[in-house]
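To start, the structure itself, in structure tokens.
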Amino acid sequence: MKLYRTTDGAVVETADGTYSLPGFSWVSIFQDNDAIALVRKAITSGKKISGGFTALAPISTQEVWAAGVTYYRSRDARIEESKGAGGGDFYARVYDAVRPELFFKSPAHRVAGPNTNVRIRKDSKWNVPEPELTLVINTAGKIIGYTIGNDMSSRDIEGENPLYLPQAKCYDQAAGLGPCIYLTNEPLPSTAEIRVIISRAGKEMFNNATTLAQLKRKPTELVEFLYRESSFPDGCFLMTGTGVVPPNEFTLLKGDVIAITITHIGTLQNTVG
């Protein structure tokens, strides 16, 4: 099932392509022991609707966290951008370490939904999107589904000093989520593709993809570390890192369109505003 957050409430798309308004609160799927059973029960009495609704970011009161250096390509990119600051060994070590890199990415009010604007920092000259499979996790630390994340990053700020990572990663509209939550109890297959296409004035500037087979750490491992000493009463989202990085000579410009597609979930599209 796919679960959309809209101005009219939660909308459920079932496998047969029908839509319904089940009438439950968004946070309830993060707090229930069996989100799929909750949704299935709710749609039996829910109002059937047609498509055509406007999807919002699939987040209400949850936090967004992120994992870094989880793909070999990301490791190389972080080493390259920070070599002048002595960060090469820093990122090589975290890639091979038992403990993953985890950081707070965004509260809900800074998150951009589908077909809205993400932003690049005014004090940065090298900005990229980072397409990421994003885990949807309930209060108890169980992965209940997946969505698409765009971890916008200012590579020059991050590369200047690893301690500047929060400024490079955490600002208004630096996180994109959507278009829906793919609700499932099963892990996505390792063959699932993550593709990003960046267009500028109608011209394709970048198009590349990876698969989940390239993800070094298991999603459950990332969740276990995140939940070790932190509680999430309304659940949370966890971006799992990127394996697709544009070349060093590329930077985003205002007006660029970013489309991220992940198998089974759909496409998250944002414009740089």
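Numbering starts fresh at 1 for the residues of each chain in the structure tokens, the chains themselves are lettered A, B, ... in the order given, and ligands are numbered from 1 as they appear.
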**OP:** Find the residues around A:Glu204 up to 12 Å (only C-alpha atoms counted), leave out those fewer than 3 positions away in its own chain, and share them as an MDAnalysis selection string.
**Re:** chainID A and resid 196:201 207:208 256:259
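Residues within 6 Å of A:Asn127, counting only C-alpha atoms and excluding same-chain residues fewer than 2 positions away, are Ser153, Ser154, Arg155, Thr251 and Leu252 of chain A.
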**OP:** Considering only C-alpha atoms, return as an MDAnalysis selection string whatever protein or nucleic-acid residues lie within 10 Å of A:Gly235, sequence-local ones (same chain, fewer than 3 positions apart) excluded.
**Re:** chainID A and resid 27:31 59 61:64 136:143 231:232
**OP:** Any chance you could list, as a ChimeraX atom specification, the residues in stretch 38-231 of chain A that come up alpha helix (DSSP H) when DSSP is run on the backbone?
**Re:** /A:38-43,72-81,88-96,155-160,165-169,219-226
Export N, CA and C atoms of the chosen residues as a tab-separated table (two decimals), in the first residue's frame?
```
chain	number	residue	atom	x	y	z
A	38	LEU	N	-3.76	-1.68	10.85
A	38	LEU	CA	-4.51	-0.46	11.16
A	38	LEU	C	-5.09	0.16	9.90
A	39	VAL	N	-4.26	0.26	8.87
A	39	VAL	CA	-4.70	0.89	7.63
A	39	VAL	C	-5.75	0.02	6.92
A	40	ARG	N	-5.53	-1.28	6.86
A	40	ARG	CA	-6.48	-2.17	6.20
A	40	ARG	C	-7.86	-2.11	6.87
A	41	LYS	N	-7.87	-2.07	8.17
A	41	LYS	CA	-9.13	-1.98	8.89
A	41	LYS	C	-9.83	-0.65	8.62
A	42	ALA	N	-9.04	0.43	8.57
A	42	ALA	CA	-9.60	1.76	8.37
A	42	ALA	C	-10.20	1.95	6.98
A	43	ILE	N	-9.57	1.34	5.96
A	43	ILE	CA	-10.07	1.57	4.60
A	43	ILE	C	-11.37	0.81	4.31
A	72	TYR	N	30.09	3.29	-0.99
A	72	TYR	CA	31.50	3.54	-1.33
A	72	TYR	C	31.64	4.83	-2.12
A	73	ARG	N	30.66	5.11	-3.01
A	73	ARG	CA	30.73	6.34	-3.81
A	73	ARG	C	30.64	7.58	-2.93
A	74	SER	N	29.83	7.51	-1.90
A	74	SER	CA	29.72	8.62	-0.96
A	74	SER	C	31.01	8.80	-0.17
A	75	ARG	N	31.62	7.69	0.21
A	75	ARG	CA	32.90	7.74	0.92
A	75	ARG	C	33.92	8.49	0.08
A	76	ASP	N	34.03	8.13	-1.19
A	76	ASP	CA	35.01	8.78	-2.06
A	76	ASP	C	34.73	10.26	-2.22
A	77	ALA	N	33.45	10.60	-2.37
A	77	ALA	CA	33.08	12.01	-2.56
A	77	ALA	C	33.41	12.84	-1.33
A	78	ARG	N	33.14	12.30	-0.14
A	78	ARG	CA	33.42	13.04	1.08
A	78	ARG	C	34.93	13.20	1.27
A	79	ILE	N	35.71	12.17	0.92
A	79	ILE	CA	37.17	12.28	1.01
A	79	ILE	C	37.67	13.36	0.07
A	80	GLU	N	37.15	13.38	-1.16
A	80	GLU	CA	37.59	14.33	-2.17
A	80	GLU	C	37.28	15.77	-1.75
A	81	GLU	N	36.07	16.00	-1.27
A	81	GLU	CA	35.67	17.38	-0.95
A	81	GLU	C	36.40	17.93	0.27
A	88	GLY	N	40.21	13.32	4.70
A	88	GLY	CA	40.22	12.06	3.97
A	88	GLY	C	40.20	10.84	4.87
A	89	ASP	N	41.11	10.82	5.82
A	89	ASP	CA	41.19	9.69	6.74
A	89	ASP	C	39.96	9.63	7.64
A	90	PHE	N	39.44	10.79	7.95
A	90	PHE	CA	38.24	10.91	8.80
A	90	PHE	C	37.08	10.11	8.21
A	91	TYR	N	36.80	10.28	6.93
A	91	TYR	CA	35.67	9.60	6.30
A	91	TYR	C	35.97	8.15	5.95
A	92	ALA	N	37.23	7.85	5.64
A	92	ALA	CA	37.61	6.46	5.39
A	92	ALA	C	37.38	5.62	6.63
A	93	ARG	N	37.69	6.18	7.79
A	93	ARG	CA	37.53	5.45	9.04
A	93	ARG	C	36.06	5.19	9.36
A	94	VAL	N	35.20	6.19	9.15
A	94	VAL	CA	33.79	6.00	9.51
A	94	VAL	C	33.12	5.00	8.57
A	95	TYR	N	33.58	4.91	7.33
A	95	TYR	CA	33.03	3.93	6.39
A	95	TYR	C	33.25	2.51	6.89
A	96	ASP	N	34.41	2.26	7.48
A	96	ASP	CA	34.77	0.91	7.94
A	96	ASP	C	34.45	0.67	9.42
A	155	ARG	N	28.40	21.19	-0.45
A	155	ARG	CA	29.64	20.41	-0.38
A	155	ARG	C	30.85	21.26	-0.04
A	156	ASP	N	30.85	22.54	-0.43
A	156	ASP	CA	32.01	23.37	-0.11
A	156	ASP	C	32.07	23.67	1.39
A	157	ILE	N	30.92	23.87	2.03
A	157	ILE	CA	30.90	24.14	3.46
A	157	ILE	C	31.31	22.89	4.23
A	158	GLU	N	30.75	21.76	3.85
A	158	GLU	CA	31.09	20.50	4.51
A	158	GLU	C	32.56	20.16	4.31
A	159	GLY	N	33.07	20.41	3.11
A	159	GLY	CA	34.46	20.08	2.81
A	159	GLY	C	35.46	20.98	3.49
A	160	GLU	N	35.04	22.20	3.83
A	160	GLU	CA	35.96	23.12	4.49
A	160	GLU	C	36.38	22.61	5.86
A	165	LEU	N	29.40	20.26	9.15
A	165	LEU	CA	28.36	19.43	8.55
A	165	LEU	C	26.94	19.89	8.87
A	166	PRO	N	26.61	20.27	10.13
A	166	PRO	CA	25.25	20.73	10.39
A	166	PRO	C	24.83	21.94	9.55
A	167	GLN	N	25.78	22.85	9.29
A	167	GLN	CA	25.45	24.01	8.47
A	167	GLN	C	25.29	23.62	7.00
A	168	ALA	N	26.05	22.62	6.57
A	168	ALA	CA	25.97	22.17	5.18
A	168	ALA	C	24.70	21.36	4.92
A	169	LYS	N	24.16	20.76	5.96
A	169	LYS	CA	23.05	19.82	5.80
A	169	LYS	C	21.72	20.31	6.37
A	219	PRO	N	19.65	-1.58	6.76
A	219	PRO	CA	18.75	-0.59	7.37
A	219	PRO	C	18.46	-0.86	8.84
A	220	THR	N	18.29	-2.13	9.20
A	220	THR	CA	18.01	-2.47	10.60
A	220	THR	C	19.18	-2.10	11.51
A	221	GLU	N	20.39	-2.18	10.98
A	221	GLU	CA	21.57	-1.81	11.75
A	221	GLU	C	21.57	-0.32	12.05
A	222	LEU	N	21.22	0.49	11.03
A	222	LEU	CA	21.16	1.94	11.21
A	222	LEU	C	20.10	2.31	12.24
A	223	VAL	N	18.95	1.65	12.17
A	223	VAL	CA	17.87	1.93	13.11
A	223	VAL	C	18.29	1.57	14.53
A	224	GLU	N	18.97	0.45	14.68
A	224	GLU	CA	19.38	0.02	16.01
A	224	GLU	C	20.29	1.05	16.67
A	225	PHE	N	21.23	1.60	15.93
A	225	PHE	CA	22.10	2.63	16.49
A	225	PHE	C	21.33	3.90	16.80
A	226	LEU	N	20.41	4.29	15.92
A	226	LEU	CA	19.64	5.52	16.13
A	226	LEU	C	18.79	5.44	17.39
```
As a JSON list (two decimals) with C-alpha atoms, in the first residue's frame, please: the residues near A:Ile265 (cut-off 8 Å, only C-alpha atoms, same-chain neighbours under 6 positions excluded).
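Contents of out.json, as written:
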```json
[["chain", "number", "residue", "atom", "x", "y", "z"],
["A", 2, "LYS", "CA", 0.98, 3.60, -0.53],
["A", 146, "TYR", "CA", 9.88, 3.55, 3.00],
["A", 147, "THR", "CA", 9.83, 6.91, 1.27],
["A", 148, "ILE", "CA", 12.19, 8.96, -0.90],
["A", 180, "CYS", "CA", 4.24, 8.83, -0.23],
["A", 181, "ILE", "CA", 5.04, 6.16, 2.32],
["A", 182, "TYR", "CA", 5.29, 2.70, 0.79]]
```
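The closest residue to A:Ala209, picked from A:Val98, A:Val11, A:Val244, A:Val69 and counting only C-alpha atoms, is A:Val244.
The two atoms in question, atom CA of A:Glu130 and atom CA of A:Tyr171, are spaced 14.9 Å apart.
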Applying 6 Å and only C-alpha atoms, which residues near A:Gly176 remain after dropping the ones on its own chain fewer than 3 positions away? List them as a short mmCIF file (atom, residue, chain, number, x, y, z; two decimals) with C-alpha atoms, in the first residue's frame.
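Written output follows (part-v7.cif):
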```cif
data_model
loop_
_atom_site.label_atom_id
_atom_site.label_comp_id
_atom_site.auth_asym_id
_atom_site.auth_seq_id
_atom_site.Cartn_x
_atom_site.Cartn_y
_atom_site.Cartn_z
CA VAL A 111 10.86 19.61 5.05
CA ALA A 112 9.85 20.17 1.42
CA GLY A 113 7.12 17.95 0.00
CA GLY A 149 14.52 11.51 0.62
CA ASN A 150 16.54 14.34 -0.87
#
```
**OP:** Name the residues in contact with A:Gly46 at a cut-off of 6 Å, using only C-alpha atoms, excluding same-chain residues fewer than 5 positions from it; report them as a list in words.
**Re:** Ser20, Leu21 and Pro22 of chain A
Subject >> Those of stretch 14-251 of chain A in DSSP strand (DSSP E or B), formatted as a ChimeraX atom specification >> reply: /A:19-21,47-49,55-56,63-68,101-106,111-112,117-118,127-128,131-137,143-151,153-154,175-183,193-200,203-211,236-239
**OP:** Find the residue from A:Thr7, A:Ser60, A:Thr267, A:Asn161 that sits nearest to A:Asp234; use only C-alpha atoms when measuring.
**Re:** A:Ser60
Original post:
Using only C-alpha atoms, which of A:Ser190, A:Thr184, A:Thr240, A:Thr210 sits nearest A:Asp34?
Top reply: A:Thr184
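Taking atom CA of A:Arg195 as the reference point, atom CA of A:His264 is found at 12.4 Å.
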